[in-house]
Structure formats: C-alpha cells, structure tokens
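Right, one structure below, let's go through it.
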Amino acid sequence: MSEPLVDTFGRVHRDLRVSLTDRCNLRCAYCMPNDFADWLPGPELLTTDELMLVLDVATGLGIDGVRLTGGEPLLRADVVDVVRRISALPKAPEISVTTNGLKLTRLAQPLRDAGLRRVNVSLDTLDRDRFKALTFRDRHDDVLAGIRAAQAAGLAPVKVNAVLMRGVNDDEAPALLRRALDEGWRLRFIEQMPLDPSGIWLRSTMITADDVFAALSEHYTLTPVPSRGSAPAEEFYVDGGPGTVGIIASVTRPFCAACDRLRLTADGQLRNCLFARDELDLRVALRDEALDDDARRAEVERRLRLVVHDKLPGHGINDLNFIQPTRPMSAIGG
Ligand SMILES: C[S@@+](CC[C@H](N)C(=O)[O-])C[C@H]1O[C@@H](n2cnc3c(N)ncnc32)[C@H](O)[C@@H]1O
C-alpha cells in the first residue's frame, strides 16, 4: 500500500464521509430551512463512476471506513448500486450509512445484500407531534418502521442519533434511552453544533453533554466504557450493562486530537473538517479531459494528501474568532 494519509499532527486518516446528495425528505429545523431551495445543480454532483474512482484511490491510501450521508443518502436513486460497487472495490472498506430512516422499509434488505454493514438513524423525539413540528413532515411512524426494517435485515445493532434542544425535546433523554434499551437500539446523544442554517445556535442555551449525563443519571447509573479510540462518542454502560449509551460532546469536549475523518461533498469538494472554511476541488481533477486515467488517479491522490496536510489541530468552535461554515450541514454531509 502507498503511504497512509497522515497529517502534520500525526493523525492517520481512515474514515471518509461521503455525501451522496444534498437533498433531504425532512426539514429538521437545525439543519435545513423548510423553504430551502438552493439545491446543487445535477451536473455538479459526482457521478457514481467518479465517486468509485475517488474511493478506489482513497481505499488504496488506507481509508477503511466509508460512511454514506447527505442530505438524505437514501434519496440517491442508485444508492444500492453505490453500496454494491464500494463492496466490490479491491480494498473494500466497511460501509455504513447515516439516514433519517424513511426509506429503510424498502431499502434495508437490498442495502444489506449489497454489502452495507451498519446504519445510524437520526431520531430526536418519541413524540409524533413534536417530530412533525421539528421536521415539518408527519413521518414519525415511518422512521420507527425504518428502524425495525433495518433490524430485521440484520443491520443490528442500529445506532440511533438524537440531538437535544432546550425547550424543544430536552425533556426526552431518559425516555429515549428507555426505548433504546427496550428495542435494542444503540442510542447516542449528539451536542448541537453551530451549523444551523439560520445561525441561531447559542452556546449559552445549547444542551451540553453534561446536561444529558445529568438528566440520564437521575434515572440510570452510567459507568464509562473504556477504550474509545477515534470514536466520537463517549460510551457508558447503563445500570452495569450490557446496554450502553453514547454522548458526543463535539462542542464542549472536542475530540479533534483523535480525528481520523475526511469528508467529500456531493459536488466533489474535499473537506478536512465539518467546520473547515476551505474545500479542495476534486471534481475539477475528475473532469479534466487533459488527464488520462493514471494521471487522474495521481491527481486525486495528490489532492487527498493536500487536504490532509492542511488539516488544523482542531475545529475551532471554541475560538473567539470562530466563523460558521457557509455551507449548511445538509450540504456538507453530516
Ligand atoms: C445532516 S444528517 C444527514 C443524514 C440523514 N439525512 C440523517 O438524518 O441522518 C446527519 C446527522 O447530522 C445531525 N445534525 C444536523 N445538523 C446538526 C447540528 N447543527 N448539530 C448536530 N448535529 C446535527 C442530524 O441530526 C443527523 O443525525
């Protein structure tokens, strides 16, 4: 294998988050405005052939985990084929998907058969009316059905991601955990990050990891699970285990020093951090007609190395001069 993707701080990059589309069938208020219409033009999206070339090069450089995300990745018409083709790469990575779950009733089994191994489903509330208010779509039952379909297809344990917001759903932490333990979900609470399209995120009102821990501790005994590695979640055994819960403290306890992630947007821009202000254009290299196949691969590798080289030590959310990225989360790929 070629030299791995190591940055100037010695972090070896093994995880690539790939956004398959910026489109979504929900409108979670903290992610995408209800009237959002500023979609990426179709011709700017990477084709599946272009994406496979990138992944072939990246896996040759040590990327061994690929997470498909978006927008809503299951809205990409050929998502099953994408998974099948990634599974067939010479150095096939472990493939996972982050989804809102709406299309899992139809797609969980075909995705599993195509090589998908893990799925994360986002669910912020157990209350149907709240779900509708939060996402502007009355699809709560469909998410729950999607989780069941994923479990039935052997994509267990399903990880469920929840973002808590003050005065919206922050009273639900214990109930979400109860439901997760009962249904065999692996629940993780994610701190809300300053990526909301309306820019109304406030440090002073956000629900922190400590708030979540305190709320859960009123009902459960949480003991830390050792050996976190590069995983973003701090995991805790619940009442001695075997059930666990994860808390992802991206804002209040950043884990950048162990970060091994890169991101590729649906329109072929490389990012070395969710909060990066700069992106590196891969699409221009992929579509450069002056390059033959070998030269194109070499240029993709060069750009991957460049974006890794330029990675900063941390995301900077807690710096006084922090500036929110211009792209919303839905267009970066969460
Ligand atoms: C952007 S979504 C994309 C994938 C898919 N549509 C889904 O719902 O999981 C991925 C994850 O990002 C989370 N997310 C979006 N905006 C966020 C923010 N500002 N802070 C923290 N998490 C956020 C969502 O809750 C979801 O779990």
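Residues are named by chain letter and number: chains run A, B, ... in the order of the structure tokens, numbers start at 1 in each chain, and ligands are numbered from 1 in the order shown.
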
Near ligand 1, 8 Å: chain A residue rows, closest pairs, only C-alpha atoms and all ligand atoms, as a Markdown table:
| residue | atom | partner | partner_atom_place_in_ligand_line | distance |
| --- | --- | --- | --- | --- |
| A:Cys24 | CA | ligand 1 | 6 (N) | 6.2 |
| A:Asn25 | CA | ligand 1 | 6 (N) | 7.9 |
| A:Leu26 | CA | ligand 1 | 6 (N) | 7.6 |
| A:Cys28 | CA | ligand 1 | 15 (C) | 7.7 |
| A:Tyr30 | CA | ligand 1 | 19 (N) | 5.4 |
| A:Cys31 | CA | ligand 1 | 16 (N) | 4.3 |
| A:Met32 | CA | ligand 1 | 16 (N) | 8.0 |
| A:Thr69 | CA | ligand 1 | 4 (C) | 4.8 |
| A:Gly70 | CA | ligand 1 | 3 (C) | 4.5 |
| A:Gly71 | CA | ligand 1 | 3 (C) | 4.9 |
| A:Glu72 | CA | ligand 1 | 6 (N) | 3.7 |
| A:Pro73 | CA | ligand 1 | 4 (C) | 6.5 |
| A:Val97 | CA | ligand 1 | 4 (C) | 8.0 |
| A:Thr98 | CA | ligand 1 | 9 (O) | 4.6 |
| A:Thr99 | CA | ligand 1 | 5 (C) | 3.7 |
| A:Asn100 | CA | ligand 1 | 8 (O) | 3.7 |
| A:Gly101 | CA | ligand 1 | 8 (O) | 7.4 |
| A:Asn120 | CA | ligand 1 | 9 (O) | 6.9 |
| A:Val121 | CA | ligand 1 | 9 (O) | 5.6 |
| A:Ser122 | CA | ligand 1 | 27 (O) | 4.5 |
| A:Leu123 | CA | ligand 1 | 25 (O) | 7.3 |
| A:Asp124 | CA | ligand 1 | 25 (O) | 7.3 |
| A:Asn161 | CA | ligand 1 | 27 (O) | 5.2 |
| A:Ala162 | CA | ligand 1 | 25 (O) | 6.2 |
| A:Val163 | CA | ligand 1 | 25 (O) | 5.7 |
| A:Ile190 | CA | ligand 1 | 21 (C) | 5.9 |
| A:Glu191 | CA | ligand 1 | 21 (C) | 5.7 |
| A:Gln192 | CA | ligand 1 | 20 (N) | 3.6 |
| A:Met193 | CA | ligand 1 | 20 (N) | 3.7 |
| A:Pro194 | CA | ligand 1 | 19 (N) | 5.4 |
| A:Leu195 | CA | ligand 1 | 19 (N) | 4.3 |
| A:Asp196 | CA | ligand 1 | 19 (N) | 4.8 |
| A:Trp201 | CA | ligand 1 | 19 (N) | 7.9 |
| A:Met329 | CA | ligand 1 | 1 (C) | 5.3 |
| A:Ser330 | CA | ligand 1 | 1 (C) | 4.8 |
| A:Ala331 | CA | ligand 1 | 1 (C) | 7.9 |
| A:Ile332 | CA | ligand 1 | 1 (C) | 7.8 |
| A:Gly333 | CA | ligand 1 | 1 (C) | 5.5 |
| A:Gly334 | CA | ligand 1 | 1 (C) | 3.9 |

- Exercise: Leu282 of chain A partners within 8 Å, only C-alpha atoms, chain neighbours under 5 positions left out, as a list in words: Gly268, Gln269, Leu270, Val300 and Arg303 of chain A

- Task: Run DSSP on the backbone and give me the residues of segment 68-276 of chain A it puts in strand (DSSP E), as a ChimeraX atom specification.
- Result: /A:68-69,94-99,118-122,159-163,186-190,222-224,234-238,244-248,261-264,269-271

Please produce a file of those selected residues containing N, CA and C atoms, as a short mmCIF file (atom, residue, chain, number, x, y, z; two decimals), in the first residue's frame.
data_model
loop_
_atom_site.label_atom_id
_atom_site.label_comp_id
_atom_site.auth_asym_id
_atom_site.auth_seq_id
_atom_site.Cartn_x
_atom_site.Cartn_y
_atom_site.Cartn_z
N LEU A 68 -21.82 6.73 4.21
CA LEU A 68 -22.62 7.46 3.22
C LEU A 68 -23.63 8.32 3.95
N THR A 69 -23.67 9.60 3.58
CA THR A 69 -24.54 10.51 4.29
C THR A 69 -25.09 11.53 3.31
N GLU A 94 -15.28 -0.89 5.23
CA GLU A 94 -16.55 -1.12 5.91
C GLU A 94 -17.50 0.02 5.54
N ILE A 95 -18.70 -0.34 5.14
CA ILE A 95 -19.64 0.68 4.65
C ILE A 95 -20.76 0.88 5.67
N SER A 96 -21.02 2.13 5.99
CA SER A 96 -22.14 2.45 6.88
C SER A 96 -22.92 3.61 6.27
N VAL A 97 -24.12 3.81 6.80
CA VAL A 97 -24.99 4.87 6.28
C VAL A 97 -25.56 5.64 7.46
N THR A 98 -25.62 6.96 7.33
CA THR A 98 -26.39 7.77 8.28
C THR A 98 -27.64 8.25 7.55
N THR A 99 -28.79 7.94 8.10
CA THR A 99 -30.05 8.19 7.39
C THR A 99 -31.14 8.64 8.35
N ARG A 118 -23.60 -1.34 8.59
CA ARG A 118 -24.07 -0.62 9.77
C ARG A 118 -24.94 0.56 9.35
N VAL A 119 -25.89 0.90 10.18
CA VAL A 119 -26.75 2.04 9.87
C VAL A 119 -26.97 2.88 11.13
N ASN A 120 -26.89 4.18 10.95
CA ASN A 120 -27.25 5.12 12.00
C ASN A 120 -28.53 5.83 11.57
N VAL A 121 -29.51 5.83 12.45
CA VAL A 121 -30.77 6.50 12.12
C VAL A 121 -30.94 7.68 13.06
N SER A 122 -31.33 8.81 12.52
CA SER A 122 -31.49 10.01 13.33
C SER A 122 -32.93 10.10 13.83
N LYS A 159 -27.74 2.08 15.31
CA LYS A 159 -27.42 3.23 16.17
C LYS A 159 -28.47 4.31 15.92
N VAL A 160 -28.94 4.90 16.97
CA VAL A 160 -29.92 5.99 16.85
C VAL A 160 -29.27 7.26 17.37
N ASN A 161 -29.26 8.29 16.55
CA ASN A 161 -28.66 9.58 16.92
C ASN A 161 -29.74 10.57 17.31
N ALA A 162 -29.57 11.23 18.43
CA ALA A 162 -30.54 12.24 18.85
C ALA A 162 -29.83 13.55 19.20
N VAL A 163 -30.37 14.65 18.71
CA VAL A 163 -29.88 15.99 19.07
C VAL A 163 -30.93 16.60 19.99
N ARG A 186 -28.77 1.29 19.72
CA ARG A 186 -27.62 1.89 20.42
C ARG A 186 -27.77 3.40 20.32
N LEU A 187 -28.18 3.99 21.41
CA LEU A 187 -28.51 5.42 21.38
C LEU A 187 -27.28 6.28 21.62
N ARG A 188 -27.19 7.37 20.84
CA ARG A 188 -26.13 8.36 21.07
C ARG A 188 -26.74 9.75 21.00
N PHE A 189 -26.43 10.54 22.00
CA PHE A 189 -26.86 11.94 22.00
C PHE A 189 -25.73 12.79 21.42
N ILE A 190 -26.08 13.66 20.49
CA ILE A 190 -25.07 14.50 19.84
C ILE A 190 -25.31 15.95 20.23
N LEU A 222 -24.65 5.42 35.15
CA LEU A 222 -23.81 5.37 33.95
C LEU A 222 -22.35 5.19 34.36
N THR A 223 -21.71 4.18 33.80
CA THR A 223 -20.27 3.98 34.08
C THR A 223 -19.53 3.95 32.75
N PRO A 224 -18.39 4.64 32.67
CA PRO A 224 -17.70 4.76 31.39
C PRO A 224 -17.25 3.42 30.83
N GLU A 234 -18.50 9.25 23.69
CA GLU A 234 -18.12 8.70 24.99
C GLU A 234 -19.22 7.70 25.33
N GLU A 235 -18.84 6.46 25.55
CA GLU A 235 -19.84 5.41 25.79
C GLU A 235 -19.95 5.11 27.27
N PHE A 236 -21.15 4.83 27.72
CA PHE A 236 -21.39 4.48 29.12
C PHE A 236 -22.23 3.21 29.19
N TYR A 237 -21.87 2.31 30.13
CA TYR A 237 -22.77 1.20 30.45
C TYR A 237 -23.94 1.78 31.21
N VAL A 238 -25.12 1.26 30.92
CA VAL A 238 -26.32 1.69 31.63
C VAL A 238 -26.66 0.64 32.69
N THR A 244 -25.71 0.14 26.52
CA THR A 244 -24.84 1.31 26.60
C THR A 244 -25.56 2.54 26.05
N VAL A 245 -25.00 3.69 26.35
CA VAL A 245 -25.46 4.93 25.72
C VAL A 245 -24.22 5.76 25.39
N GLY A 246 -24.28 6.47 24.27
CA GLY A 246 -23.14 7.31 23.87
C GLY A 246 -23.51 8.78 23.95
N ILE A 247 -22.52 9.60 24.29
CA ILE A 247 -22.73 11.05 24.28
C ILE A 247 -21.59 11.65 23.46
N ILE A 248 -21.97 12.42 22.45
CA ILE A 248 -20.97 13.00 21.54
C ILE A 248 -20.86 14.50 21.85
N ARG A 261 -11.06 11.60 10.26
CA ARG A 261 -12.11 11.71 9.24
C ARG A 261 -11.81 12.75 8.17
N LEU A 262 -12.24 12.42 6.96
CA LEU A 262 -12.28 13.36 5.85
C LEU A 262 -13.71 13.35 5.31
N ARG A 263 -14.06 14.39 4.57
CA ARG A 263 -15.41 14.45 4.01
C ARG A 263 -15.38 14.81 2.54
N LEU A 264 -16.28 14.22 1.81
CA LEU A 264 -16.44 14.52 0.39
C LEU A 264 -17.88 14.96 0.18
N GLN A 269 -16.29 18.16 -3.43
CA GLN A 269 -15.35 19.02 -2.71
C GLN A 269 -14.85 18.27 -1.47
N LEU A 270 -13.55 18.28 -1.29
CA LEU A 270 -12.95 17.61 -0.13
C LEU A 270 -12.88 18.58 1.03
N ARG A 271 -13.25 18.09 2.21
CA ARG A 271 -13.15 18.89 3.43
C ARG A 271 -12.41 18.08 4.48
#

Shell of 7 Å around segment 74-85 of chain A, only C-alpha atoms, local chain residues under 5 positions omitted, as an mmCIF file with all heavy atoms, in the first residue's frame:
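Done, and the output landed in part-v8.cif:
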data_model
loop_
_atom_site.group_PDB
_atom_site.id
_atom_site.type_symbol
_atom_site.label_atom_id
_atom_site.label_comp_id
_atom_site.auth_asym_id
_atom_site.auth_seq_id
_atom_site.Cartn_x
_atom_site.Cartn_y
_atom_site.Cartn_z
ATOM 1 N N LEU A 20 -23.965 11.766 -0.533
ATOM 2 C CA LEU A 20 -24.461 11.287 -1.832
ATOM 3 C C LEU A 20 -25.412 12.278 -2.484
ATOM 4 O O LEU A 20 -25.671 12.189 -3.679
ATOM 5 C CB LEU A 20 -25.166 9.935 -1.673
ATOM 6 C CG LEU A 20 -24.267 8.749 -1.315
ATOM 7 C CD1 LEU A 20 -25.088 7.457 -1.286
ATOM 8 C CD2 LEU A 20 -23.108 8.622 -2.299
ATOM 9 N N THR A 21 -25.965 13.163 -1.700
ATOM 10 C CA THR A 21 -26.873 14.186 -2.236
ATOM 11 C C THR A 21 -27.057 15.250 -1.161
ATOM 12 O O THR A 21 -26.938 14.957 0.033
ATOM 13 C CB THR A 21 -28.256 13.597 -2.593
ATOM 14 O OG1 THR A 21 -29.138 14.671 -2.958
ATOM 15 C CG2 THR A 21 -28.878 12.834 -1.444
ATOM 16 N N THR A 48 -21.588 8.303 -10.215
ATOM 17 C CA THR A 48 -21.175 7.132 -9.443
ATOM 18 C C THR A 48 -19.808 6.627 -9.930
ATOM 19 O O THR A 48 -18.983 6.195 -9.119
ATOM 20 C CB THR A 48 -22.274 6.058 -9.510
ATOM 21 O OG1 THR A 48 -23.470 6.649 -8.963
ATOM 22 C CG2 THR A 48 -21.918 4.825 -8.696
ATOM 23 N N LYS A 103 -36.624 5.723 4.169
ATOM 24 C CA LYS A 103 -36.671 4.782 3.042
ATOM 25 C C LYS A 103 -36.154 3.399 3.405
ATOM 26 O O LYS A 103 -35.974 2.545 2.532
ATOM 27 C CB LYS A 103 -35.877 5.375 1.862
ATOM 28 C CG LYS A 103 -36.537 6.642 1.311
ATOM 29 C CD LYS A 103 -35.945 7.069 0.011
ATOM 30 C CE LYS A 103 -36.612 6.398 -1.135
ATOM 31 N NZ LYS A 103 -37.427 7.104 -2.017
ATOM 32 N N PRO A 110 -32.177 -4.741 0.570
ATOM 33 C CA PRO A 110 -31.280 -4.620 -0.594
ATOM 34 C C PRO A 110 -29.923 -4.004 -0.235
ATOM 35 O O PRO A 110 -28.886 -4.433 -0.763
ATOM 36 C CB PRO A 110 -32.048 -3.702 -1.557
ATOM 37 C CG PRO A 110 -33.473 -3.799 -1.148
ATOM 38 C CD PRO A 110 -33.502 -4.150 0.293
ATOM 39 N N LEU A 111 -29.905 -3.051 0.679
ATOM 40 C CA LEU A 111 -28.625 -2.436 1.070
ATOM 41 C C LEU A 111 -27.758 -3.454 1.806
ATOM 42 O O LEU A 111 -26.548 -3.555 1.569
ATOM 43 C CB LEU A 111 -28.866 -1.214 1.967
ATOM 44 C CG LEU A 111 -29.366 0.040 1.248
ATOM 45 C CD1 LEU A 111 -29.858 1.074 2.260
ATOM 46 C CD2 LEU A 111 -28.268 0.648 0.371
ATOM 47 N N ALA A 114 -26.329 -5.788 -0.565
ATOM 48 C CA ALA A 114 -25.290 -5.167 -1.397
ATOM 49 C C ALA A 114 -23.979 -4.969 -0.638
ATOM 50 O O ALA A 114 -22.964 -4.629 -1.231
ATOM 51 C CB ALA A 114 -25.801 -3.821 -1.916
ATOM 52 N N GLY A 115 -24.012 -5.167 0.696
ATOM 53 C CA GLY A 115 -22.758 -5.073 1.447
ATOM 54 C C GLY A 115 -22.763 -4.069 2.586
ATOM 55 O O GLY A 115 -21.740 -3.891 3.253
ATOM 56 N N LEU A 116 -23.898 -3.408 2.814
ATOM 57 C CA LEU A 116 -23.958 -2.468 3.947
ATOM 58 C C LEU A 116 -23.859 -3.239 5.267
ATOM 59 O O LEU A 116 -24.456 -4.303 5.412
ATOM 60 C CB LEU A 116 -25.275 -1.686 3.902
ATOM 61 C CG LEU A 116 -25.414 -0.602 4.971
ATOM 62 C CD1 LEU A 116 -24.442 0.538 4.720
ATOM 63 C CD2 LEU A 116 -26.846 -0.048 5.009
#

- Query: Which of segment 57-87 of chain A counts as helix (DSSP H, G or I) under DSSP, as a list in words please?
  - Reply: Val57, Ala58, Thr59, Gly60, Pro73, Leu74, Leu75, Val79, Val80, Asp81, Val82, Val83, Arg84, Arg85, Ile86 and Ser87 of chain A

Could you produce a table of the residues of segment 176-286 of chain A lying within 12 Å of segment 4-7 of chain A, with the nearest pair of atoms per residue and their separation in Å rounded to one decimal, using only C-alpha atoms, ordered by chain and increasing residue number, as a Markdown table?
| residue | atom | partner | partner_atom | distance |
| --- | --- | --- | --- | --- |
| A:Ala257 | CA | A:Asp7 | CA | 11.2 |
| A:Ala258 | CA | A:Asp7 | CA | 11.6 |
| A:Cys259 | CA | A:Asp7 | CA | 10.5 |
| A:Asp260 | CA | A:Val6 | CA | 9.1 |
| A:Arg261 | CA | A:Leu5 | CA | 10.4 |
| A:Leu262 | CA | A:Leu5 | CA | 10.1 |
| A:Asn272 | CA | A:Asp7 | CA | 10.2 |

Using only C-alpha atoms, please write the residues we just selected to a file, as an mmCIF file, in the first residue's frame.
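Result file is again_11.cif:
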data_model
loop_
_atom_site.group_PDB
_atom_site.id
_atom_site.type_symbol
_atom_site.label_atom_id
_atom_site.label_comp_id
_atom_site.auth_asym_id
_atom_site.auth_seq_id
_atom_site.Cartn_x
_atom_site.Cartn_y
_atom_site.Cartn_z
ATOM 1 C CA ALA A 257 -6.854 15.186 18.531
ATOM 2 C CA ALA A 258 -8.099 11.702 17.630
ATOM 3 C CA CYS A 259 -9.957 12.717 14.461
ATOM 4 C CA ASP A 260 -9.349 10.391 11.517
ATOM 5 C CA ARG A 261 -12.107 11.711 9.245
ATOM 6 C CA LEU A 262 -12.282 13.358 5.849
ATOM 7 C CA ASN A 272 -10.834 18.009 6.291
#

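Interatomic distance, atom CA of Leu177 of chain A to atom CA of Ile200 of chain A: 27.5 Å.
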
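Among the candidates A:Leu216, A:Asp127, A:Pro93, A:Ala149, the residue lying nearest to Gln109 of chain A is A:Ala149 (atoms considered: only C-alpha atoms).
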
- What does the distance between atom CA of Gly154 of chain A and atom CA of Trp185 of chain A come to in Å, to one decimal place?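 The value is 12.7 Å.
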
- Query: Contacts of Lys311 of chain A at 9 Å or less, counting only C-alpha atoms, minus same-chain residues fewer than 3 places along, as a count of residues only?
  - Reply: 11

Need the shell around Thr105 of chain A: protein/DNA/RNA residues with any atom at most 9 Å away, counting only C-alpha atoms. Skip same-chain ones fewer than 5 positions apart. Format as a tab-separated table (two decimals) with N, CA, C and O atoms, in the first residue's frame?
chain	number	residue	atom	x	y	z
A	142	ASP	N	-42.92	6.35	10.09
A	142	ASP	CA	-42.06	5.78	9.03
A	142	ASP	C	-40.62	5.60	9.51
A	142	ASP	O	-39.93	4.68	9.10
A	143	VAL	N	-40.15	6.51	10.37
A	143	VAL	CA	-38.80	6.35	10.91
A	143	VAL	C	-38.75	5.08	11.77
A	143	VAL	O	-37.84	4.25	11.63
A	145	ALA	N	-40.67	2.50	11.63
A	145	ALA	CA	-40.77	1.32	10.75
A	145	ALA	C	-39.43	1.07	10.06
A	145	ALA	O	-39.01	-0.08	9.88
A	146	GLY	N	-38.75	2.13	9.71
A	146	GLY	CA	-37.44	2.00	9.05
A	146	GLY	C	-36.42	1.36	9.98
A	146	GLY	O	-35.62	0.52	9.57
A	147	ILE	N	-36.45	1.75	11.24
A	147	ILE	CA	-35.52	1.15	12.22
A	147	ILE	C	-35.81	-0.35	12.35
A	147	ILE	O	-34.90	-1.18	12.33
A	148	ARG	N	-37.09	-0.68	12.43
A	148	ARG	CA	-37.46	-2.11	12.53
A	148	ARG	C	-37.00	-2.87	11.29
A	148	ARG	O	-36.51	-4.00	11.38
A	149	ALA	N	-37.15	-2.26	10.14
A	149	ALA	CA	-36.73	-2.93	8.89
A	149	ALA	C	-35.22	-3.15	8.89
A	149	ALA	O	-34.73	-4.19	8.44
A	150	ALA	N	-34.48	-2.18	9.39
A	150	ALA	CA	-33.02	-2.33	9.45
A	150	ALA	C	-32.66	-3.48	10.38
A	150	ALA	O	-31.78	-4.31	10.06

- Task: Identify, on the basis of only C-alpha atoms, every residue whose closest approach to Ala214 of chain A does not exceed 12 Å; exclude the query and any residue fewer than 4 positions from it along the same chain; express the result as JSON, numbers by chain.
- Result: {"A": [170, 171, 173, 174, 207, 208, 209, 210, 218, 219, 220, 221, 222, 247]}

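One finds atom CA of Ala290 of chain A at 24.1 Å from atom CA of Pro41 of chain A.
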
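Remark: for Leu202 of chain A, the closest of the candidate residues A:Glu183, A:Leu53, A:Asp294, A:Val251 is A:Val251 (distances computed over only C-alpha atoms).
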